[in-house]
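One file, final_14.cif, carrying mmCIF, C-alpha atoms:
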data_data
loop_
_atom_site.label_atom_id
_atom_site.label_comp_id
_atom_site.auth_asym_id
_atom_site.auth_seq_id
_atom_site.Cartn_x
_atom_site.Cartn_y
_atom_site.Cartn_z
CA MET A 704 9.88 -39.67 70.36
CA MET A 705 7.35 -41.38 68.25
CA ARG A 706 6.78 -38.24 66.32
CA LYS A 707 10.42 -37.87 65.51
CA GLN A 708 10.57 -41.43 64.18
CA SER A 709 7.49 -41.03 62.00
CA ARG A 710 8.90 -37.81 60.58
CA ASN A 711 12.20 -39.51 59.79
CA ASN A 712 10.35 -42.40 58.15
CA TYR A 713 8.34 -39.98 56.06
CA LEU A 714 11.46 -38.14 54.87
CA ALA A 715 13.18 -41.40 54.04
CA ILE A 716 10.22 -42.55 51.92
CA VAL A 717 10.13 -39.24 50.02
CA ALA A 718 13.90 -39.40 49.37
CA LEU A 719 13.59 -42.98 48.11
CA ILE A 720 10.80 -42.02 45.72
CA LEU A 721 12.78 -39.09 44.38
CA VAL A 722 15.85 -41.20 43.79
CA MET A 723 13.81 -43.75 41.86
CA VAL A 724 11.71 -41.28 39.83
CA ILE A 725 14.30 -38.67 38.78
CA PRO A 726 16.25 -40.91 36.39
CA VAL A 727 13.00 -41.99 34.76
CA LEU A 728 11.71 -38.43 34.10
CA PRO A 729 12.37 -37.15 30.60
CA GLY A 730 14.71 -34.19 30.21
CA CYS A 731 14.08 -31.04 28.25
CA GLY A 732 14.11 -33.05 25.04
CA LYS A 733 16.99 -31.18 23.47
CA LYS A 734 19.46 -33.48 21.92
CA GLU A 735 22.85 -32.15 21.19
CA SER A 736 24.38 -33.20 17.93
CA PRO A 737 27.94 -34.29 18.14
CA VAL A 738 30.46 -31.77 16.88
CA PRO A 739 31.72 -32.86 13.48
CA PRO A 740 35.40 -33.59 13.56
CA THR A 741 37.49 -30.95 11.88
CA GLN A 742 40.27 -31.97 9.62
CA ASN A 743 42.70 -29.46 10.99
CA PRO A 744 42.30 -28.78 14.69
CA ALA A 745 44.61 -25.76 14.45
CA ALA A 746 42.42 -24.09 11.77
CA LYS A 747 40.02 -21.43 12.99
CA PRO A 748 36.34 -21.90 12.24
CA ALA A 749 35.10 -19.69 9.41
CA ALA A 750 33.53 -16.41 10.50
CA PRO A 751 29.78 -16.25 9.89
CA LYS A 752 28.67 -14.14 6.94
CA PRO A 753 27.68 -10.61 8.00
CA LEU A 754 24.05 -9.63 7.50
CA PRO A 755 23.43 -7.28 4.57
CA VAL A 756 23.24 -3.62 5.61
CA GLN A 757 20.36 -1.48 4.36
CA LYS A 758 21.44 1.05 1.77
CA GLN A 759 21.40 4.58 3.11
CA MET A 760 19.08 6.95 1.31
CA SER A 761 18.83 10.70 1.59
CA SER A 762 15.66 12.74 1.26
CA ALA A 763 17.66 15.63 -0.18
CA GLY A 764 17.71 15.69 -3.95
CA LYS A 765 20.91 15.68 -5.93
CA VAL A 766 22.22 19.01 -7.10
CA GLY A 767 21.13 19.67 -10.66
CA ALA A 768 18.62 16.83 -10.66
CA VAL A 769 15.33 17.44 -12.47
CA PRO A 770 12.38 17.08 -10.09
CA MET A 771 9.92 14.33 -10.80
CA SER A 772 6.86 15.56 -12.69
CA THR A 773 3.52 15.00 -10.97
CA GLU A 774 0.15 15.68 -12.47
CA PHE A 775 -2.28 17.51 -10.22
CA VAL A 776 -5.20 17.51 -12.64
CA SER A 777 -7.16 14.98 -10.62
CA HIS A 778 -6.45 16.67 -7.26
CA LYS A 779 -8.55 19.39 -5.66
CA ASP A 780 -6.98 22.87 -5.55
CA PRO A 781 -6.55 23.75 -1.85
CA PHE A 782 -6.45 27.49 -2.60
CA LYS A 783 -9.69 27.61 -4.54
CA PRO A 784 -12.61 28.99 -2.49
CA LEU A 785 -15.30 26.53 -1.48
CA VAL A 786 -18.11 28.87 -2.58
CA ALA A 787 -18.04 30.16 -6.14
CA ASP A 788 -17.96 33.95 -6.52
CA THR A 789 -21.28 34.96 -8.10
CA LYS A 790 -20.18 38.52 -8.87
CA THR A 791 -17.77 37.46 -11.61
CA GLY A 792 -20.03 34.95 -13.35
CA ALA A 793 -23.65 35.08 -14.39
CA PRO A 794 -26.01 35.77 -11.49
CA ALA A 795 -27.46 32.65 -9.99
CA VAL A 796 -31.19 32.31 -10.50
CA ARG A 797 -33.04 31.15 -7.39
CA ARG A 798 -36.36 29.78 -8.48
CA ASN A 799 -37.51 27.69 -5.57
CA ARG A 800 -36.07 28.35 -2.15
CA LEU A 801 -37.73 25.38 -0.49
CA GLY A 802 -35.10 23.20 1.14
CA GLN A 803 -32.59 25.98 1.81
CA ALA A 804 -29.89 25.57 4.44
CA LEU A 805 -31.47 28.26 6.65
CA PRO A 806 -34.99 27.38 7.78
CA ILE A 807 -35.97 31.07 7.82
CA LEU A 808 -35.83 30.98 4.00
CA ASN A 809 -38.24 28.05 3.65
CA TYR A 810 -41.54 29.67 4.72
CA ASP A 811 -43.81 32.36 3.29
CA LEU A 812 -43.79 35.67 5.12
CA ALA A 813 -47.46 35.25 6.09
CA GLN A 814 -46.51 32.20 8.18
CA PHE A 815 -44.16 34.18 10.47
CA ARG A 816 -45.38 36.06 13.53
CA VAL A 817 -43.54 38.81 15.35
CA THR A 818 -43.15 38.09 19.06
CA GLY A 819 -40.98 41.02 20.10
CA ILE A 820 -39.16 44.12 18.91
CA ILE A 821 -36.03 45.52 20.53
CA VAL A 822 -35.52 49.21 19.91
CA GLY A 823 -31.85 50.04 20.29
CA LEU A 824 -29.63 53.08 19.96
CA LYS A 825 -27.86 51.89 16.80
CA GLN A 826 -30.10 49.29 15.23
CA ASN A 827 -33.50 47.81 15.95
CA ARG A 828 -33.97 44.06 16.07
CA ALA A 829 -37.03 41.87 16.07
CA GLN A 830 -37.84 38.34 17.08
CA VAL A 831 -40.00 36.32 14.69
CA VAL A 832 -41.25 32.76 15.08
CA ASP A 833 -41.68 30.34 12.16
CA PRO A 834 -44.64 27.89 11.88
CA THR A 835 -42.72 25.16 13.73
CA GLY A 836 -42.16 27.46 16.71
CA LYS A 837 -38.47 28.16 16.15
CA PRO A 838 -37.54 31.77 16.98
CA TYR A 839 -35.18 33.98 14.94
CA VAL A 840 -33.69 37.37 15.77
CA ILE A 841 -33.65 39.51 12.63
CA LYS A 842 -32.21 42.90 11.77
CA VAL A 843 -32.37 45.26 8.79
CA GLY A 844 -30.76 43.75 5.69
CA MET A 845 -31.30 40.08 6.52
CA GLU A 846 -33.01 37.72 4.09
CA MET A 847 -36.30 36.26 5.16
CA GLY A 848 -39.02 34.18 3.51
CA ARG A 849 -39.31 31.99 0.46
CA ASN A 850 -39.62 34.81 -2.12
CA GLU A 851 -36.22 36.46 -1.64
CA GLY A 852 -37.50 38.90 0.95
CA ARG A 853 -35.18 41.37 2.66
CA VAL A 854 -35.92 43.17 5.92
CA THR A 855 -36.00 46.90 5.12
CA ARG A 856 -37.30 48.51 8.31
CA ILE A 857 -37.98 47.63 11.94
CA THR A 858 -40.13 50.08 13.89
CA PRO A 859 -41.49 49.73 17.45
CA THR A 860 -44.79 48.34 16.07
CA TYR A 861 -44.01 46.38 12.89
CA VAL A 862 -41.34 44.77 10.66
CA GLU A 863 -41.29 45.63 6.97
CA VAL A 864 -39.98 43.14 4.42
CA PHE A 865 -39.50 43.83 0.70
CA GLU A 866 -39.96 40.89 -1.69
CA ARG A 867 -38.91 40.90 -5.32
CA TYR A 868 -39.34 37.70 -7.30
CA ARG A 869 -40.66 36.30 -10.56
CA ASP A 870 -43.94 34.42 -10.55
CA GLU A 871 -44.83 31.37 -12.69
CA SER A 872 -45.52 33.49 -15.78
CA GLY A 873 -42.12 35.19 -15.50
CA LYS A 874 -43.54 38.53 -14.41
CA LEU A 875 -41.48 40.48 -11.85
CA VAL A 876 -43.44 40.91 -8.61
CA LYS A 877 -42.46 43.54 -6.02
CA ASN A 878 -44.21 43.37 -2.69
CA HIS A 879 -43.90 45.20 0.65
CA VAL A 880 -45.09 43.06 3.56
CA ARG A 881 -45.65 44.39 7.08
CA LEU A 882 -45.52 41.95 9.96
CA ALA A 883 -47.16 43.71 12.88
CA LEU A 884 -46.46 43.15 16.54
CA PRO A 885 -49.64 41.92 18.27
CA LYS A 886 -51.35 44.53 20.47
CA LYS A 887 -51.20 44.11 24.23
CA GLN A 888 -54.51 43.17 25.78
#

Here is a file; write its structure as structure tokens.
Amino acid sequence: MMRKQSRNNYLAIVALILVMVIPVLPGCGKKESPVPPTQNPAAKPAAPKPLPVQKQMSSAGKVGAVPMSTEFVSHKDPFKPLVADTKTGAPAVRRNRLGQALPILNYDLAQFRVTGIIVGLKQNRAQVVDPTGKPYVIKVGMEMGRNEGRVTRITPTYVEVFERYRDESGKLVKNHVRLALPKKQ
């Protein structure tokens, strides 16, 4: 019984506090402005102005319209090849091949060593290693070496490279270099 009375007392105190506090609490803070009196109560309020509509545009040109001129002088031609054709112009002179895109063109032929030769039915191939230890598989017709060398023959025992270049004095030098496969021990 005592519990029921203490519960009722507790609820009564909470209700009393709420009744006293609620009128004191501020509202949402929105104050409504009084509606201005209209002169003619029968008159309808004016309709709000409609928002401006965006003008419709078409991507199709007008019939008979002259297209706008655009200058493409400063733009790159997308149909022009990236590499210039050397057959039509003057032949390019390659003086120093050091720093070429292919590392096989940066070393003298004497610096390469042949590590293996593959004798095939159609075409022989050879594996050579540059001074840094990077291997290359070469075949007849490939360029090799700093002095515009071209692989001319691959036999089971050696690789033959033909060099043709101009030295410092401008004299044309032709040289056949044989890179031999090391003998088995």

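Distance cut-off 7 Å, centre (-38.5, 30.8, 4.0), atoms counted only C-alpha atoms; the residues meeting this are Pro806, Ile807, Leu808, Asn809, Tyr810, Asp811, Met847, Gly848 and Arg849 of chain A.
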
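Candidate residues A:Lys752, A:Lys886, A:Ala763, A:Pro784 were compared for distance to Thr818 of chain A, and the nearest is A:Lys886, using all atoms listed in the file.
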
Output of the PyMOL selection byres ((chain A and resi 812) around 12), listed as a PyMOL selection string: chain A and resi 807-811+813-817+831-834+846-854+862-866+878-883

Emit the selected residues as a PDB file, in the frame of the given file, including C-alpha atoms.
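Printed below is again-v4.pdb as written:
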ATOM      1  CA  ILE A 807     -35.970  31.070   7.820  1.00  0.00           C
ATOM      2  CA  LEU A 808     -35.830  30.980   4.000  1.00  0.00           C
ATOM      3  CA  ASN A 809     -38.240  28.050   3.650  1.00  0.00           C
ATOM      4  CA  TYR A 810     -41.540  29.670   4.720  1.00  0.00           C
ATOM      5  CA  ASP A 811     -43.810  32.360   3.290  1.00  0.00           C
ATOM      6  CA  ALA A 813     -47.460  35.250   6.090  1.00  0.00           C
ATOM      7  CA  GLN A 814     -46.510  32.200   8.180  1.00  0.00           C
ATOM      8  CA  PHE A 815     -44.160  34.180  10.470  1.00  0.00           C
ATOM      9  CA  ARG A 816     -45.380  36.060  13.530  1.00  0.00           C
ATOM     10  CA  VAL A 817     -43.540  38.810  15.350  1.00  0.00           C
ATOM     11  CA  VAL A 831     -40.000  36.320  14.690  1.00  0.00           C
ATOM     12  CA  VAL A 832     -41.250  32.760  15.080  1.00  0.00           C
ATOM     13  CA  ASP A 833     -41.680  30.340  12.160  1.00  0.00           C
ATOM     14  CA  PRO A 834     -44.640  27.890  11.880  1.00  0.00           C
ATOM     15  CA  GLU A 846     -33.010  37.720   4.090  1.00  0.00           C
ATOM     16  CA  MET A 847     -36.300  36.260   5.160  1.00  0.00           C
ATOM     17  CA  GLY A 848     -39.020  34.180   3.510  1.00  0.00           C
ATOM     18  CA  ARG A 849     -39.310  31.990   0.460  1.00  0.00           C
ATOM     19  CA  ASN A 850     -39.620  34.810  -2.120  1.00  0.00           C
ATOM     20  CA  GLU A 851     -36.220  36.460  -1.640  1.00  0.00           C
ATOM     21  CA  GLY A 852     -37.500  38.900   0.950  1.00  0.00           C
ATOM     22  CA  ARG A 853     -35.180  41.370   2.660  1.00  0.00           C
ATOM     23  CA  VAL A 854     -35.920  43.170   5.920  1.00  0.00           C
ATOM     24  CA  VAL A 862     -41.340  44.770  10.660  1.00  0.00           C
ATOM     25  CA  GLU A 863     -41.290  45.630   6.970  1.00  0.00           C
ATOM     26  CA  VAL A 864     -39.980  43.140   4.420  1.00  0.00           C
ATOM     27  CA  PHE A 865     -39.500  43.830   0.700  1.00  0.00           C
ATOM     28  CA  GLU A 866     -39.960  40.890  -1.690  1.00  0.00           C
ATOM     29  CA  ASN A 878     -44.210  43.370  -2.690  1.00  0.00           C
ATOM     30  CA  HIS A 879     -43.900  45.200   0.650  1.00  0.00           C
ATOM     31  CA  VAL A 880     -45.090  43.060   3.560  1.00  0.00           C
ATOM     32  CA  ARG A 881     -45.650  44.390   7.080  1.00  0.00           C
ATOM     33  CA  LEU A 882     -45.520  41.950   9.960  1.00  0.00           C
ATOM     34  CA  ALA A 883     -47.160  43.710  12.880  1.00  0.00           C
TER      35      ALA A 883
END

One-decimal distance in Å that lies between atom CA of Val786 of chain A and atom CA of Glu871 of chain A: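 Computed distance, atom CA of Glu871 of chain A to atom CA of Val786 of chain A, equals 28.7 Å.
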
Point-to-point distance in Å for atom CA of Thr858 of chain A and atom CA of Tyr839 of chain A: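 Between atom CA of Tyr839 of chain A and atom CA of Thr858 of chain A the gap is 16.9 Å.
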
Expected selection from the PyMOL selection byres ((chain A and resi 887) around 12), given as a PyMOL selection string: chain A and resi 818-819+860+884-886+888

Okay, now the selection with C-alpha atoms, as a short mmCIF file (atom, residue, chain, number, x, y, z; two decimals), keeping the file's coordinate frame?
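Saved as out-v2.cif:
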data_model
loop_
_atom_site.label_atom_id
_atom_site.label_comp_id
_atom_site.auth_asym_id
_atom_site.auth_seq_id
_atom_site.Cartn_x
_atom_site.Cartn_y
_atom_site.Cartn_z
CA THR A 818 -43.15 38.09 19.06
CA GLY A 819 -40.98 41.02 20.10
CA THR A 860 -44.79 48.34 16.07
CA LEU A 884 -46.46 43.15 16.54
CA PRO A 885 -49.64 41.92 18.27
CA LYS A 886 -51.35 44.53 20.47
CA GLN A 888 -54.51 43.17 25.78
#

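Taking atom CA of Ala829 of chain A and atom CA of Gly844 of chain A as endpoints, the distance between them is 12.3 Å.
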